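Worksheet for the structure shown next.
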Amino acid sequence: MLLKLLALCLFTFLIYVPIAEARIRHYKWEVKYEYKSPDCFKKLVITINGKSPGPTILAQEGDTVIVEVTNKLLLENLAIHWHGIRQIGTPWSDGTEGVTQCPVVPGDTLKYEFKVDRAGTYLYHAHYGMQRESGLYGSIRVSVPDNFTEPFAYDYDRSIILTDWYHKSTYEQATGLSSNPFVWVGEPQSLLIQGKGRFNCSSASLTADTCNTSNPECSPYAITVIPGKTYRLRVASLTALSALSFQLEGHNMTVVEADGHYVEPFVVKNLFIYSGETYSVLIKADQDPSRNYWMTTNVVSRPPNTTQGLGFLNYYPNHPRRSPPTVPPTGPIWNDAAPRLAQSRAIKAHHDFIVTPPTTSDRAIVFLNTQNRINGYVRWSVNNVSFTLPHTPYLIALKNKLHHVFSQTPPPEGYDFVNYDIYNVSKNPNATASNAIYRLGFNTTVDIILQNANTMTVNNSETHPWHLHGHDFWVLGYGDGKFDMNKDPKNYNLVNPIMKNTVPLHPYGWTAIRFKADNPGAWLFHCHIEAHFYLGMGVVFEEGIDKVGKLPSSIMGCGETRGVGRP
């Protein structure tokens, strides 16, 4: 009888004791064009609820995020990608126009709903055409669960997004890229730190109503620090073109997180960062507190024709607009690739948070990155194939077996390894266009080797940051020159490789990654440079499509889905 009574009491206790539950984080956004002056030059900027960068999404691991996005761009479609969120079970919320959804047409509202399944530093940005570089971007900060202790300590948490900024509209740029003769977008006019930069208005004959350095919208961004305290700076890049170096005058930075994964800590004076990457660095406010310090970012890997971005590390109680008494420190030499490669190789998984990769892969695909021509038009290609998006998004077409809406011819899994010279302009720069995709066996392990080469310009090989949707991958290694399938895999790091979602491919080099094809859906893998992806530098992977649940009608309405869901 006593045992029964105890059991009843325990059962009652379990029913009535409150259990911590994941929360729903609900956001309502209006996206529209407004005139802004982020670098003192007035132009149309895409804003979210009147701001660019947009509002930071704050959530805790396990929460569900709901974002209701209303398109008020008047004449332009819209899609928003949640960069670094794997969308497990919700592939239709990835926000990639042409791959996972139809675009949101002007006047319509689309509800994105997804779970943030891992703490870390992530991003969101437009994923329609080249819209990202018009100002539609922001931060996602996911905190750790209750009672979880991170492997480092800090007092305060701050986020910074670095971007480059063009004065020409994306329409002007896209028109030039699509023209024959080809018109390149050129180098950006400014670098922005958290949406603020400074263009030299006197460098061109501009009137004060067009470019005004006294406009508070372009006052230098300042992070206020309390002397003696430690700060976690979540530094991210969403540049359209530029690889960057980021530095804080007089302060070392300890790298502790990359793309949502803990890093075996290492110290840097300047942080190299590529479009789509996120890092957490720790800094100690331990310098002379009577002054402020420079926060700078500058272009690397390209000739530096863009003035460095400037901000302030503001030591309280100094005024946040008080300029430091020193000259802004210059960044590293732009064309010295060795320290950039060294930093990439230094990023390893924290010893307490190693996720061991499978020792072998089921499939290895080599992607040669090249600049090409198709019928006289300049394109970027993978294995001599330039990617194009179909009118019906892949996720919808695959789920509904609409095989006729994109090519069923498998794209190539390599190139002419023996004869192709990666150090010279290709003797035959011609390529073909295709919207075919790579079909991956569900739950198989896949290796991707990114191979860089010379562009169509003599002695030129560009840096390409590659981003994979729907997954994290292990970074197995980097190398110079041509990848050797027989020798180089023997040197893969299978002990403590970092996991990331975005990785650089260095000039004339290779990068090897490994991932599990364990997330049902259709996922884009592409160069995160806007003009390069626009010109065809990407691929799509399909995996486990039969395991994808019923697609919401809200993502339909284009191509062969017209009349279904949104009109």
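As shown in the structure tokens, the chain order sets the letters A, B, ...; within each chain, residues go from 1, and ligands are also counted from 1 in the order they appear.
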
Test item: residues at most 6 Å from Ser381 (chain A), only C-alpha atoms, excluding those fewer than 3 positions along its chain, as JSON, numbers by chain: {"A": [370, 384, 385, 386, 536, 537]}

Per-residue DSSP, region 187-413 of chain A, filtered to strand (DSSP E or B), as a PyMOL selection string: chain A and resi 190-193+196+211+221-225+230-237+243-248+251+253-258+261-268+270-273+278-284+293-300+309-315+348-349+363-374+377-382+385-387

Mind checking which residues fall within 10 Å of Asn369 (chain A), counting only C-alpha atoms, ignoring those fewer than 6 positions away in the same chain, and posting them as an mmCIF file with N, CA and C atoms, in the first residue's frame?
```
data_model
loop_
_atom_site.group_PDB
_atom_site.id
_atom_site.type_symbol
_atom_site.label_atom_id
_atom_site.label_comp_id
_atom_site.auth_asym_id
_atom_site.auth_seq_id
_atom_site.Cartn_x
_atom_site.Cartn_y
_atom_site.Cartn_z
ATOM 1 N N TRP A 380 30.804 32.184 -64.769
ATOM 2 C CA TRP A 380 31.619 31.385 -63.849
ATOM 3 C C TRP A 380 31.059 29.970 -63.856
ATOM 4 N N SER A 381 31.939 28.990 -63.705
ATOM 5 C CA SER A 381 31.530 27.600 -63.905
ATOM 6 C C SER A 381 32.155 26.664 -62.890
ATOM 7 N N VAL A 382 31.550 25.502 -62.773
ATOM 8 C CA VAL A 382 32.074 24.381 -61.995
ATOM 9 C C VAL A 382 32.217 23.208 -62.954
ATOM 10 N N ASN A 383 33.445 22.729 -63.126
ATOM 11 C CA ASN A 383 33.716 21.659 -64.097
ATOM 12 C C ASN A 383 33.204 22.016 -65.486
ATOM 13 N N ASN A 384 33.401 23.275 -65.848
ATOM 14 C CA ASN A 384 33.027 23.795 -67.162
ATOM 15 C C ASN A 384 31.520 23.838 -67.398
ATOM 16 N N VAL A 385 30.745 23.769 -66.321
ATOM 17 C CA VAL A 385 29.286 23.884 -66.422
ATOM 18 C C VAL A 385 28.841 25.073 -65.575
ATOM 19 N N ILE A 422 46.109 24.612 -64.199
ATOM 20 C CA ILE A 422 45.409 25.566 -63.326
ATOM 21 C C ILE A 422 46.130 26.908 -63.231
ATOM 22 N N LEU A 450 37.215 21.340 -53.664
ATOM 23 C CA LEU A 450 37.142 22.567 -54.441
ATOM 24 C C LEU A 450 38.531 22.859 -54.994
ATOM 25 N N GLN A 451 38.624 22.988 -56.293
ATOM 26 C CA GLN A 451 39.917 23.209 -56.950
ATOM 27 C C GLN A 451 39.908 24.567 -57.636
ATOM 28 N N ASN A 452 40.846 25.433 -57.251
ATOM 29 C CA ASN A 452 40.920 26.745 -57.872
ATOM 30 C C ASN A 452 41.821 26.709 -59.108
ATOM 31 N N ALA A 453 41.731 27.752 -59.920
ATOM 32 C CA ALA A 453 42.504 27.822 -61.165
ATOM 33 C C ALA A 453 42.643 29.273 -61.584
ATOM 34 N N ASN A 454 43.334 29.484 -62.680
ATOM 35 C CA ASN A 454 43.495 30.823 -63.234
ATOM 36 C C ASN A 454 42.185 31.275 -63.861
ATOM 37 N N THR A 455 41.889 32.572 -63.770
ATOM 38 C CA THR A 455 40.723 33.125 -64.450
ATOM 39 C C THR A 455 41.070 33.372 -65.922
ATOM 40 N N SER A 461 44.082 34.410 -59.946
ATOM 41 C CA SER A 461 43.209 33.376 -59.381
ATOM 42 C C SER A 461 42.528 34.005 -58.182
ATOM 43 N N GLU A 462 41.220 33.918 -58.112
ATOM 44 C CA GLU A 462 40.463 34.649 -57.100
ATOM 45 C C GLU A 462 40.114 33.767 -55.903
ATOM 46 N N HIS A 464 37.430 32.283 -53.409
ATOM 47 C CA HIS A 464 36.006 31.948 -53.481
ATOM 48 C C HIS A 464 35.526 31.370 -52.150
ATOM 49 N N LEU A 505 38.130 29.079 -50.599
ATOM 50 C CA LEU A 505 39.012 28.408 -51.556
ATOM 51 C C LEU A 505 40.055 29.444 -51.951
ATOM 52 N N TRP A 510 43.446 24.327 -53.198
ATOM 53 C CA TRP A 510 42.288 23.444 -53.069
ATOM 54 C C TRP A 510 41.829 23.395 -51.621
ATOM 55 N N CYS A 527 29.319 29.692 -54.506
ATOM 56 C CA CYS A 527 30.220 30.768 -54.145
ATOM 57 C C CYS A 527 29.395 31.918 -53.591
ATOM 58 N N MET A 537 28.143 30.241 -60.585
ATOM 59 C CA MET A 537 29.083 29.489 -59.764
ATOM 60 C C MET A 537 28.354 28.825 -58.591
ATOM 61 N N GLY A 538 27.707 27.705 -58.887
ATOM 62 C CA GLY A 538 26.988 26.981 -57.851
ATOM 63 C C GLY A 538 26.479 25.646 -58.358
#
```

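Listed by chain and then by rising number, the residues of region 315-508 of chain A that DSSP assigns to alpha helix (DSSP H) from the backbone are A:Ala337, A:Ala338, A:Pro339, A:Arg340, A:Leu341, A:Ala342, A:Gln343, A:Ser344, A:Arg345, A:Ala346, A:Tyr394, A:Leu395, A:Ile396, A:Ala397, A:Leu398, A:Lys399.
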
Distance query region 108-119 of chain A at most 8 Å, only C-alpha atoms, self and fewer than 6 positions along chain excluded, as a list in words: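 Selected residues are Ala59, Gln60, Glu61, Gly62, Asp63, Thr64, Val65, Ile66, Val67, Glu68, Val69, Thr70, Asn71, Ile85, Gln87, Ile88, Thr90, Ser93, Arg141, Val142, Ser143, Val144, Pro145, Gly260, Ser554 and Ile555 of chain A.
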
Residue neighbourhood Leu341 (chain A), 10 Å, only C-alpha atoms, exclusion window fewer than 2 positions, as a PyMOL selection string: chain A and resi 272+336-339+343-346+478-480+504-507+509

Proximity to Thr213 (chain A) - best of A:Leu271, A:Ile448, A:Cys40, A:Val458, only C-alpha atoms: A:Cys40

Using only C-alpha atoms, which residues sit within 10 Å of Ile161 (chain A) once same-chain residues fewer than 4 positions away are excluded, as an mmCIF file with all heavy atoms, in the first residue's frame?
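File part-v5.cif, as written:
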```
data_model
loop_
_atom_site.group_PDB
_atom_site.id
_atom_site.type_symbol
_atom_site.label_atom_id
_atom_site.label_comp_id
_atom_site.auth_asym_id
_atom_site.auth_seq_id
_atom_site.Cartn_x
_atom_site.Cartn_y
_atom_site.Cartn_z
ATOM 1 N N PRO A 53 21.592 47.387 -41.117
ATOM 2 C CA PRO A 53 21.155 45.994 -40.993
ATOM 3 C C PRO A 53 19.809 45.877 -40.278
ATOM 4 O O PRO A 53 19.449 46.756 -39.496
ATOM 5 C CB PRO A 53 22.268 45.331 -40.167
ATOM 6 C CG PRO A 53 23.436 46.265 -40.237
ATOM 7 C CD PRO A 53 22.870 47.618 -40.407
ATOM 8 N N LEU A 123 23.412 34.168 -39.557
ATOM 9 C CA LEU A 123 23.059 35.355 -40.324
ATOM 10 C C LEU A 123 21.740 35.142 -41.052
ATOM 11 O O LEU A 123 21.269 34.010 -41.188
ATOM 12 C CB LEU A 123 24.145 35.647 -41.374
ATOM 13 C CG LEU A 123 25.546 35.956 -40.846
ATOM 14 C CD1 LEU A 123 26.578 35.765 -41.953
ATOM 15 C CD2 LEU A 123 25.603 37.369 -40.296
ATOM 16 N N TYR A 137 19.975 42.349 -44.718
ATOM 17 C CA TYR A 137 20.771 41.365 -43.990
ATOM 18 C C TYR A 137 20.710 41.671 -42.504
ATOM 19 O O TYR A 137 20.313 42.768 -42.088
ATOM 20 C CB TYR A 137 22.221 41.362 -44.478
ATOM 21 C CG TYR A 137 22.976 42.654 -44.211
ATOM 22 C CD1 TYR A 137 23.694 42.825 -43.037
ATOM 23 C CD2 TYR A 137 22.983 43.692 -45.155
ATOM 24 C CE1 TYR A 137 24.389 44.017 -42.784
ATOM 25 C CE2 TYR A 137 23.678 44.869 -44.917
ATOM 26 C CZ TYR A 137 24.378 45.029 -43.728
ATOM 27 O OH TYR A 137 25.056 46.190 -43.481
ATOM 28 N N GLY A 138 21.117 40.689 -41.693
ATOM 29 C CA GLY A 138 21.144 40.887 -40.251
ATOM 30 C C GLY A 138 21.708 39.676 -39.543
ATOM 31 O O GLY A 138 22.132 38.697 -40.172
ATOM 32 N N SER A 139 21.713 39.723 -38.217
ATOM 33 C CA SER A 139 22.334 38.702 -37.373
ATOM 34 C C SER A 139 21.292 37.785 -36.746
ATOM 35 O O SER A 139 20.167 38.192 -36.454
ATOM 36 C CB SER A 139 23.144 39.351 -36.236
ATOM 37 O OG SER A 139 24.194 40.124 -36.726
ATOM 38 N N LEU A 192 31.589 48.786 -44.902
ATOM 39 C CA LEU A 192 30.710 49.150 -43.793
ATOM 40 C C LEU A 192 30.954 48.245 -42.590
ATOM 41 O O LEU A 192 31.126 47.032 -42.736
ATOM 42 C CB LEU A 192 29.236 49.041 -44.196
ATOM 43 C CG LEU A 192 28.771 49.767 -45.465
ATOM 44 C CD1 LEU A 192 27.255 49.626 -45.605
ATOM 45 C CD2 LEU A 192 29.177 51.228 -45.463
ATOM 46 N N ILE A 193 30.990 48.850 -41.423
ATOM 47 C CA ILE A 193 31.031 48.113 -40.161
ATOM 48 C C ILE A 193 29.684 48.319 -39.491
ATOM 49 O O ILE A 193 29.331 49.441 -39.109
ATOM 50 C CB ILE A 193 32.168 48.607 -39.245
ATOM 51 C CG1 ILE A 193 33.535 48.417 -39.928
ATOM 52 C CG2 ILE A 193 32.132 47.883 -37.904
ATOM 53 C CD1 ILE A 193 34.707 48.950 -39.126
ATOM 54 N N GLN A 194 28.909 47.241 -39.398
ATOM 55 C CA GLN A 194 27.550 47.289 -38.843
ATOM 56 C C GLN A 194 26.729 48.394 -39.522
ATOM 57 O O GLN A 194 26.032 49.179 -38.896
ATOM 58 C CB GLN A 194 27.592 47.479 -37.319
ATOM 59 C CG GLN A 194 26.314 47.110 -36.581
ATOM 60 C CD GLN A 194 25.889 45.665 -36.787
ATOM 61 O OE1 GLN A 194 26.682 44.815 -37.165
ATOM 62 N NE2 GLN A 194 24.627 45.363 -36.523
ATOM 63 N N GLY A 195 26.840 48.431 -40.854
ATOM 64 C CA GLY A 195 25.999 49.327 -41.641
ATOM 65 C C GLY A 195 26.478 50.753 -41.729
ATOM 66 O O GLY A 195 25.752 51.619 -42.232
ATOM 67 N N ARG A 234 31.002 38.905 -31.943
ATOM 68 C CA ARG A 234 30.574 37.985 -33.001
ATOM 69 C C ARG A 234 30.742 38.729 -34.322
ATOM 70 O O ARG A 234 29.947 39.613 -34.655
ATOM 71 C CB ARG A 234 29.126 37.557 -32.780
ATOM 72 C CG ARG A 234 28.903 36.822 -31.451
ATOM 73 C CD ARG A 234 27.413 36.583 -31.216
ATOM 74 N NE ARG A 234 27.132 36.016 -29.921
ATOM 75 C CZ ARG A 234 26.841 34.730 -29.684
ATOM 76 N NH1 ARG A 234 26.822 33.873 -30.698
ATOM 77 N NH2 ARG A 234 26.567 34.309 -28.465
ATOM 78 N N VAL A 235 31.797 38.399 -35.032
ATOM 79 C CA VAL A 235 32.164 39.111 -36.254
ATOM 80 C C VAL A 235 31.748 38.266 -37.452
ATOM 81 O O VAL A 235 32.138 37.099 -37.565
ATOM 82 C CB VAL A 235 33.679 39.386 -36.300
ATOM 83 C CG1 VAL A 235 34.022 40.252 -37.508
ATOM 84 C CG2 VAL A 235 34.149 40.062 -35.009
ATOM 85 N N ALA A 236 30.976 38.862 -38.338
ATOM 86 C CA ALA A 236 30.489 38.146 -39.519
ATOM 87 C C ALA A 236 30.753 38.982 -40.761
ATOM 88 O O ALA A 236 30.886 40.209 -40.687
ATOM 89 C CB ALA A 236 28.996 37.857 -39.393
ATOM 90 N N SER A 237 30.812 38.330 -41.905
ATOM 91 C CA SER A 237 30.971 39.039 -43.175
ATOM 92 C C SER A 237 29.847 38.651 -44.128
ATOM 93 O O SER A 237 29.525 37.467 -44.280
ATOM 94 C CB SER A 237 32.311 38.694 -43.828
ATOM 95 O OG SER A 237 32.368 39.232 -45.140
ATOM 96 N N LEU A 238 29.261 39.677 -44.749
ATOM 97 C CA LEU A 238 28.288 39.443 -45.823
ATOM 98 C C LEU A 238 28.638 40.325 -47.018
ATOM 99 O O LEU A 238 27.778 40.945 -47.638
ATOM 100 C CB LEU A 238 26.862 39.727 -45.335
ATOM 101 C CG LEU A 238 26.213 38.582 -44.550
ATOM 102 C CD1 LEU A 238 24.853 38.994 -44.005
ATOM 103 C CD2 LEU A 238 26.067 37.332 -45.411
ATOM 104 N N THR A 239 29.923 40.374 -47.318
ATOM 105 C CA THR A 239 30.357 41.167 -48.465
ATOM 106 C C THR A 239 29.808 40.591 -49.768
ATOM 107 O O THR A 239 29.553 39.398 -49.882
ATOM 108 C CB THR A 239 31.883 41.214 -48.539
ATOM 109 O OG1 THR A 239 32.397 39.876 -48.475
ATOM 110 C CG2 THR A 239 32.470 42.027 -47.399
ATOM 111 N N THR A 278 31.164 33.398 -40.031
ATOM 112 C CA THR A 278 30.975 34.049 -38.744
ATOM 113 C C THR A 278 32.028 33.525 -37.771
ATOM 114 O O THR A 278 32.394 32.345 -37.806
ATOM 115 C CB THR A 278 29.585 33.794 -38.143
ATOM 116 O OG1 THR A 278 29.467 32.415 -37.771
ATOM 117 C CG2 THR A 278 28.474 34.140 -39.115
#
```

Spatial neighbours of Glu542 (chain A), max dist 9 Å, only C-alpha atoms, sep filter under 3 positions, as a ChimeraX atom specification: /A:394-395,398,437-442,517,520-523,545

Those selected residues, please, written with all heavy atoms and delivered as a tab-separated table (two decimals), in the first residue's frame.
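Okay, again-v2.tsv is ready:
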```tsv
chain	number	residue	atom	x	y	z
A	394	TYR	N	13.52	23.61	-57.32
A	394	TYR	CA	13.89	22.20	-57.29
A	394	TYR	C	13.12	21.41	-56.23
A	394	TYR	O	12.68	20.29	-56.49
A	394	TYR	CB	15.39	22.06	-56.99
A	394	TYR	CG	16.29	22.47	-58.12
A	394	TYR	CD1	17.00	23.67	-58.05
A	394	TYR	CD2	16.44	21.68	-59.25
A	394	TYR	CE1	17.84	24.05	-59.09
A	394	TYR	CE2	17.28	22.06	-60.29
A	394	TYR	CZ	17.98	23.25	-60.20
A	394	TYR	OH	18.81	23.63	-61.23
A	395	LEU	N	12.98	21.96	-55.05
A	395	LEU	CA	12.32	21.22	-53.97
A	395	LEU	C	10.91	20.82	-54.37
A	395	LEU	O	10.49	19.68	-54.16
A	395	LEU	CB	12.29	22.07	-52.69
A	395	LEU	CG	11.68	21.39	-51.46
A	395	LEU	CD1	12.50	20.20	-51.00
A	395	LEU	CD2	11.52	22.41	-50.31
A	398	LEU	N	11.10	18.23	-57.42
A	398	LEU	CA	11.53	16.89	-56.99
A	398	LEU	C	10.44	16.19	-56.20
A	398	LEU	O	10.16	15.00	-56.42
A	398	LEU	CB	12.80	17.00	-56.15
A	398	LEU	CG	14.08	17.37	-56.93
A	398	LEU	CD1	15.15	17.88	-55.97
A	398	LEU	CD2	14.59	16.17	-57.72
A	437	ILE	N	21.31	18.70	-61.45
A	437	ILE	CA	21.69	18.66	-60.04
A	437	ILE	C	22.43	17.37	-59.71
A	437	ILE	O	22.40	16.39	-60.48
A	437	ILE	CB	20.45	18.79	-59.12
A	437	ILE	CG1	19.51	17.59	-59.30
A	437	ILE	CG2	19.73	20.11	-59.39
A	437	ILE	CD1	18.33	17.58	-58.34
A	438	TYR	N	23.08	17.37	-58.55
A	438	TYR	CA	23.77	16.18	-58.04
A	438	TYR	C	22.84	15.46	-57.07
A	438	TYR	O	22.39	16.04	-56.08
A	438	TYR	CB	25.07	16.58	-57.34
A	438	TYR	CG	26.10	17.13	-58.27
A	438	TYR	CD1	26.09	18.48	-58.63
A	438	TYR	CD2	27.11	16.32	-58.81
A	438	TYR	CE1	27.04	19.00	-59.49
A	438	TYR	CE2	28.06	16.83	-59.68
A	438	TYR	CZ	28.02	18.16	-60.02
A	438	TYR	OH	28.96	18.68	-60.89
A	439	ARG	N	22.57	14.20	-57.35
A	439	ARG	CA	21.71	13.39	-56.48
A	439	ARG	C	22.59	12.56	-55.55
A	439	ARG	O	23.42	11.78	-56.03
A	439	ARG	CB	20.78	12.51	-57.31
A	439	ARG	CG	19.76	13.32	-58.12
A	439	ARG	CD	18.92	12.42	-59.02
A	439	ARG	NE	17.93	13.17	-59.77
A	439	ARG	CZ	16.66	13.36	-59.40
A	439	ARG	NH1	16.24	12.85	-58.25
A	439	ARG	NH2	15.83	14.04	-60.16
A	440	LEU	N	22.40	12.73	-54.27
A	440	LEU	CA	23.22	12.06	-53.27
A	440	LEU	C	22.43	10.97	-52.57
A	440	LEU	O	21.25	11.18	-52.23
A	440	LEU	CB	23.72	13.07	-52.23
A	440	LEU	CG	24.42	14.33	-52.77
A	440	LEU	CD1	24.81	15.25	-51.61
A	440	LEU	CD2	25.64	13.96	-53.61
A	441	GLY	N	23.05	9.83	-52.35
A	441	GLY	CA	22.39	8.77	-51.58
A	441	GLY	C	22.14	9.24	-50.16
A	441	GLY	O	23.05	9.79	-49.51
A	442	PHE	N	20.94	9.02	-49.67
A	442	PHE	CA	20.61	9.50	-48.33
A	442	PHE	C	21.48	8.82	-47.28
A	442	PHE	O	21.70	7.61	-47.32
A	442	PHE	CB	19.12	9.26	-48.03
A	442	PHE	CG	18.69	9.85	-46.72
A	442	PHE	CD1	18.69	11.23	-46.54
A	442	PHE	CD2	18.29	9.04	-45.67
A	442	PHE	CE1	18.29	11.78	-45.33
A	442	PHE	CE2	17.89	9.58	-44.46
A	442	PHE	CZ	17.89	10.96	-44.29
A	517	ALA	N	25.05	13.34	-46.07
A	517	ALA	CA	23.85	13.71	-46.80
A	517	ALA	C	22.64	13.19	-46.03
A	517	ALA	O	21.95	12.26	-46.46
A	517	ALA	CB	23.89	13.14	-48.22
A	520	PRO	N	16.98	15.60	-45.53
A	520	PRO	CA	16.15	15.51	-46.73
A	520	PRO	C	15.80	16.88	-47.31
A	520	PRO	O	15.34	17.78	-46.59
A	520	PRO	CB	14.89	14.79	-46.23
A	520	PRO	CG	15.36	13.99	-45.05
A	520	PRO	CD	16.40	14.85	-44.39
A	521	GLY	N	16.04	17.02	-48.61
A	521	GLY	CA	15.71	18.28	-49.27
A	521	GLY	C	16.54	18.52	-50.50
A	521	GLY	O	17.22	17.62	-51.01
A	522	ALA	N	16.49	19.75	-50.98
A	522	ALA	CA	17.32	20.21	-52.10
A	522	ALA	C	18.11	21.39	-51.58
A	522	ALA	O	17.54	22.37	-51.09
A	522	ALA	CB	16.44	20.62	-53.29
A	523	TRP	N	19.43	21.31	-51.70
A	523	TRP	CA	20.30	22.27	-51.02
A	523	TRP	C	21.31	22.89	-51.97
A	523	TRP	O	22.00	22.19	-52.70
A	523	TRP	CB	21.03	21.59	-49.86
A	523	TRP	CG	20.10	20.90	-48.92
A	523	TRP	CD1	19.92	19.54	-48.78
A	523	TRP	CD2	19.19	21.50	-47.99
A	523	TRP	NE1	18.97	19.28	-47.83
A	523	TRP	CE2	18.50	20.46	-47.32
A	523	TRP	CE3	18.90	22.83	-47.67
A	523	TRP	CZ2	17.54	20.71	-46.35
A	523	TRP	CZ3	17.93	23.07	-46.69
A	523	TRP	CH2	17.27	22.03	-46.04
A	545	ILE	N	14.73	12.97	-50.82
A	545	ILE	CA	13.56	13.79	-51.15
A	545	ILE	C	12.26	13.08	-50.79
A	545	ILE	O	11.25	13.72	-50.47
A	545	ILE	CB	13.59	14.19	-52.64
A	545	ILE	CG1	12.71	15.42	-52.89
A	545	ILE	CG2	13.17	13.04	-53.54
A	545	ILE	CD1	13.27	16.69	-52.34
```

Residue nearest Thr359 (chain A) among A:Pro489, A:Pro332, A:Gly376, A:Pro289 (counting only C-alpha atoms):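 Ranked by minimum distance to Thr359 (chain A), first place goes to A:Pro489.
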